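Student: What follows is the file entry21.pdb, containing PDB, C-alpha atoms:
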ATOM      1  CA  MET W   1       0.000   0.000   0.000  1.00  0.00           C
ATOM      2  CA  GLU W   2       2.843   2.404   0.845  1.00  0.00           C
ATOM      3  CA  LYS W   3       4.376   1.796  -2.592  1.00  0.00           C
ATOM      4  CA  GLN W   4       1.090   2.713  -4.280  1.00  0.00           C
ATOM      5  CA  ARG W   5       0.912   5.979  -2.309  1.00  0.00           C
ATOM      6  CA  TRP W   6       4.524   6.734  -3.290  1.00  0.00           C
ATOM      7  CA  ARG W   7       3.718   6.147  -6.966  1.00  0.00           C
ATOM      8  CA  ALA W   8       0.595   8.297  -6.768  1.00  0.00           C
ATOM      9  CA  ARG W   9       2.555  11.101  -5.113  1.00  0.00           C
ATOM     10  CA  LYS W  10       5.287  10.814  -7.707  1.00  0.00           C
ATOM     11  CA  ARG W  11       2.775  11.022 -10.568  1.00  0.00           C
ATOM     12  CA  GLU W  12       1.208  14.125  -9.051  1.00  0.00           C
ATOM     13  CA  ASP W  13       4.347  16.092  -8.354  1.00  0.00           C
ATOM     14  CA  VAL W  14       7.101  14.390 -10.332  1.00  0.00           C
ATOM     15  CA  MET W  15       7.801  17.632 -12.152  1.00  0.00           C
ATOM     16  CA  ASN W  16       8.072  19.706  -8.967  1.00  0.00           C
ATOM     17  CA  ASN W  17      11.489  20.774  -7.753  1.00  0.00           C
ATOM     18  CA  ILE W  18      13.122  20.394 -11.167  1.00  0.00           C
ATOM     19  CA  VAL W  19      16.506  22.061 -11.311  1.00  0.00           C
ATOM     20  CA  CYS W  20      17.413  21.277 -14.929  1.00  0.00           C
ATOM     21  CA  GLU W  21      16.913  18.858 -17.816  1.00  0.00           C
ATOM     22  CA  ILE W  22      19.236  17.328 -20.405  1.00  0.00           C
ATOM     23  CA  GLN W  23      17.829  15.789 -23.588  1.00  0.00           C
ATOM     24  CA  LYS W  24      19.533  12.371 -23.743  1.00  0.00           C
ATOM     25  CA  ASN W  25      18.104  11.253 -27.090  1.00  0.00           C
ATOM     26  CA  ALA W  26      14.902  11.605 -29.123  1.00  0.00           C
ATOM     27  CA  GLN W  27      12.787   9.836 -26.489  1.00  0.00           C
ATOM     28  CA  GLU W  28      14.608  10.217 -23.165  1.00  0.00           C
ATOM     29  CA  LYS W  29      15.680  13.121 -21.019  1.00  0.00           C
ATOM     30  CA  ILE W  30      17.582  13.283 -17.766  1.00  0.00           C
ATOM     31  CA  ILE W  31      15.854  15.388 -15.140  1.00  0.00           C
ATOM     32  CA  PHE W  32      17.707  16.725 -12.112  1.00  0.00           C
ATOM     33  CA  ARG W  33      15.515  17.403  -9.069  1.00  0.00           C
ATOM     34  CA  VAL W  34      15.814  18.073  -5.383  1.00  0.00           C
ATOM     35  CA  ASP W  35      13.292  16.054  -3.419  1.00  0.00           C
ATOM     36  CA  GLU W  36      12.410  14.607  -0.044  1.00  0.00           C
ATOM     37  CA  TYR W  37      10.832  11.292   0.943  1.00  0.00           C
ATOM     38  CA  LYS W  38      10.033  10.179   4.493  1.00  0.00           C
ATOM     39  CA  GLY W  39      12.181  12.997   5.823  1.00  0.00           C
ATOM     40  CA  HIS W  40      15.206  12.076   3.684  1.00  0.00           C
ATOM     41  CA  ARG W  41      16.412  14.742   1.289  1.00  0.00           C
ATOM     42  CA  PHE W  42      18.150  13.816  -1.942  1.00  0.00           C
ATOM     43  CA  ILE W  43      19.259  15.011  -5.345  1.00  0.00           C
ATOM     44  CA  ASP W  44      17.554  12.852  -7.977  1.00  0.00           C
ATOM     45  CA  MET W  45      19.042  12.402 -11.444  1.00  0.00           C
ATOM     46  CA  ARG W  46      16.636  10.221 -13.390  1.00  0.00           C
ATOM     47  CA  VAL W  47      15.781   9.263 -16.968  1.00  0.00           C
ATOM     48  CA  PHE W  48      12.254  10.213 -18.017  1.00  0.00           C
ATOM     49  CA  VAL W  49      10.277   9.136 -21.086  1.00  0.00           C
ATOM     50  CA  PRO W  50       7.162  10.715 -22.609  1.00  0.00           C
ATOM     51  CA  GLY W  51       3.873   9.654 -21.048  1.00  0.00           C
ATOM     52  CA  GLN W  52       1.211   7.946 -23.121  1.00  0.00           C
ATOM     53  CA  ASN W  53      -1.200  10.098 -25.127  1.00  0.00           C
ATOM     54  CA  GLY W  54       0.818  13.259 -24.526  1.00  0.00           C
ATOM     55  CA  ARG W  55       0.623  12.975 -20.753  1.00  0.00           C
ATOM     56  CA  GLN W  56       3.256  14.097 -18.297  1.00  0.00           C
ATOM     57  CA  ASP W  57       6.722  12.538 -18.638  1.00  0.00           C
ATOM     58  CA  VAL W  58       7.225   9.327 -16.658  1.00  0.00           C
ATOM     59  CA  ALA W  59      10.231   8.472 -14.497  1.00  0.00           C
ATOM     60  CA  THR W  60      12.060   5.250 -15.296  1.00  0.00           C
ATOM     61  CA  LYS W  61      14.095   3.089 -12.930  1.00  0.00           C
ATOM     62  CA  LYS W  62      17.250   4.403 -14.596  1.00  0.00           C
ATOM     63  CA  GLY W  63      18.722   7.010 -12.333  1.00  0.00           C
ATOM     64  CA  LEU W  64      20.608   7.931  -9.244  1.00  0.00           C
ATOM     65  CA  ALA W  65      19.688   9.584  -5.949  1.00  0.00           C
ATOM     66  CA  VAL W  66      22.455  11.252  -3.940  1.00  0.00           C
ATOM     67  CA  SER W  67      22.054  12.513  -0.395  1.00  0.00           C
ATOM     68  CA  PRO W  68      23.189  16.070   0.341  1.00  0.00           C
ATOM     69  CA  ALA W  69      25.809  14.625   2.701  1.00  0.00           C
ATOM     70  CA  LEU W  70      27.451  12.846  -0.244  1.00  0.00           C
ATOM     71  CA  TRP W  71      27.179  15.795  -2.647  1.00  0.00           C
ATOM     72  CA  PRO W  72      30.720  17.162  -2.031  1.00  0.00           C
ATOM     73  CA  GLN W  73      32.223  13.712  -2.715  1.00  0.00           C
ATOM     74  CA  PHE W  74      29.995  13.308  -5.769  1.00  0.00           C
ATOM     75  CA  LYS W  75      31.192  16.633  -7.218  1.00  0.00           C
ATOM     76  CA  ARG W  76      34.823  15.655  -6.629  1.00  0.00           C
ATOM     77  CA  ALA W  77      34.210  12.311  -8.348  1.00  0.00           C
ATOM     78  CA  LEU W  78      32.692  14.092 -11.368  1.00  0.00           C
ATOM     79  CA  ALA W  79      35.746  16.356 -11.551  1.00  0.00           C
ATOM     80  CA  GLN W  80      37.965  13.245 -11.542  1.00  0.00           C
ATOM     81  CA  VAL W  81      35.882  11.681 -14.320  1.00  0.00           C
ATOM     82  CA  GLU W  82      36.119  14.901 -16.321  1.00  0.00           C
ATOM     83  CA  ALA W  83      39.924  14.960 -15.918  1.00  0.00           C
ATOM     84  CA  ALA W  84      40.108  11.319 -17.027  1.00  0.00           C
ATOM     85  CA  MET W  85      38.011  12.047 -20.137  1.00  0.00           C
ATOM     86  CA  ILE W  86      40.256  14.987 -21.012  1.00  0.00           C
ATOM     87  CA  GLY W  87      43.303  12.778 -20.454  1.00  0.00           C
ATOM     88  CA  GLN W  88      41.872  10.113 -22.779  1.00  0.00           C
ATOM     89  CA  GLY W  89      41.103  12.711 -25.430  1.00  0.00           C
ATOM     90  CA  TRP W  90      37.341  12.183 -25.137  1.00  0.00           C
ATOM     91  CA  LEU W  91      36.801  15.835 -24.189  1.00  0.00           C
ATOM     92  CA  ASP W  92      38.620  19.028 -25.019  1.00  0.00           C
ATOM     93  CA  GLU W  93      39.031  21.625 -22.246  1.00  0.00           C
ATOM     94  CA  GLU W  94      38.165  24.372 -24.737  1.00  0.00           C
ATOM     95  CA  ASP W  95      34.819  22.700 -25.455  1.00  0.00           C
ATOM     96  CA  LEU W  96      34.028  22.652 -21.733  1.00  0.00           C
ATOM     97  CA  GLU W  97      34.807  26.364 -21.402  1.00  0.00           C
ATOM     98  CA  ALA W  98      32.517  27.192 -24.340  1.00  0.00           C
ATOM     99  CA  GLN W  99      29.573  25.478 -22.585  1.00  0.00           C
ATOM    100  CA  GLU W 100      29.777  27.597 -19.422  1.00  0.00           C
TER     101      GLU W 100
END
In structure tokens, how does this file's structure come out?

Tutor:
Amino acid sequence: MEKQRWRARKREDVMNNIVCEIQKNAQEKIIFRVDEYKGHRFIDMRVFVPGQNGRQDVATKKGLAVSPALWPQFKRALAQVEAAMIGQGWLDEEDLEAQE
């Protein structure tokens, strides 16, 4: 029963607290949100797909939730990944500067 209430709540306010969106491909987008559930706050990064018949986008199971306590470590890890991609030649530092 609790799971059904959670799903109903998520359908009602899934688009609340959106910070930003990234179009992943023609059908999917990654939505970044700040949210709270049962008193636990988290940053949610989740893949969404279009709802049926033009309805609101629907969250998939693909995603990641990070607690605010882990956010500093998460940001450092992303910086390390970025440095590794630059080192491998996958990204160019100039391209990153142009996006800011």

Student: Please identify all polymer residues within 6 Å of region 17-33 of chain W, counting all atoms listed in the file, omitting same-chain residues fewer than 6 positions from it, and present them as a list in words.

Tutor: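 Contacts, with the query itself left out: Ile43, Asp44, Met45, Arg46, Val47, Phe48 and Val49 of chain W.
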
Student: What is the CA of Asp35 (chain W) to CA of Pro68 (chain W) distance in Å?

Tutor: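 Going from CA of Asp35 (chain W) over to CA of Pro68 (chain W), I get 10.6 Å.
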
Student: Work out where the centre of an axis-aligned box around every listed atom of region 55-62 of chain W lies and how long its edges are once 8 Å is added on each side; give both in Å to one decimal as lines of an AutoDock Vina configuration file.

Tutor:
center_x = 8.9
center_y = 8.6
center_z = -16.8
size_x = 32.6
size_y = 27.0
size_z = 23.8

Student: Figure out the distance between CA of Gln88 (chain W) and CA of Lys62 (chain W), please, to one decimal in Å.

Tutor: 26.6 Å

Student: Skip His40 (chain W) itself and residues of its chain fewer than 6 positions away, then list as a PDB file with C-alpha atoms, keeping the file's coordinate frame all residues within 12 Å of it, counting all atoms listed in the file.

Tutor:
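And here is the file that came out, out.pdb:
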ATOM      1  CA  VAL W  34      15.814  18.073  -5.383  1.00  0.00           C
ATOM      2  CA  ALA W  65      19.688   9.584  -5.949  1.00  0.00           C
ATOM      3  CA  VAL W  66      22.455  11.252  -3.940  1.00  0.00           C
ATOM      4  CA  SER W  67      22.054  12.513  -0.395  1.00  0.00           C
ATOM      5  CA  PRO W  68      23.189  16.070   0.341  1.00  0.00           C
ATOM      6  CA  ALA W  69      25.809  14.625   2.701  1.00  0.00           C
TER       7      ALA W  69
END

Student: State, in Å with one decimal place, the distance from CA of Val58 (chain W) to CA of Leu70 (chain W).

Tutor: 26.3 Å

Student: Which residues are close to Leu96 (chain W), i.e. within 12 Å by only C-alpha atoms, leaving aside same-chain residues fewer than 6 positions away? Reply as a ChimeraX atom specification.

Tutor: /W:82-83,85-86,90
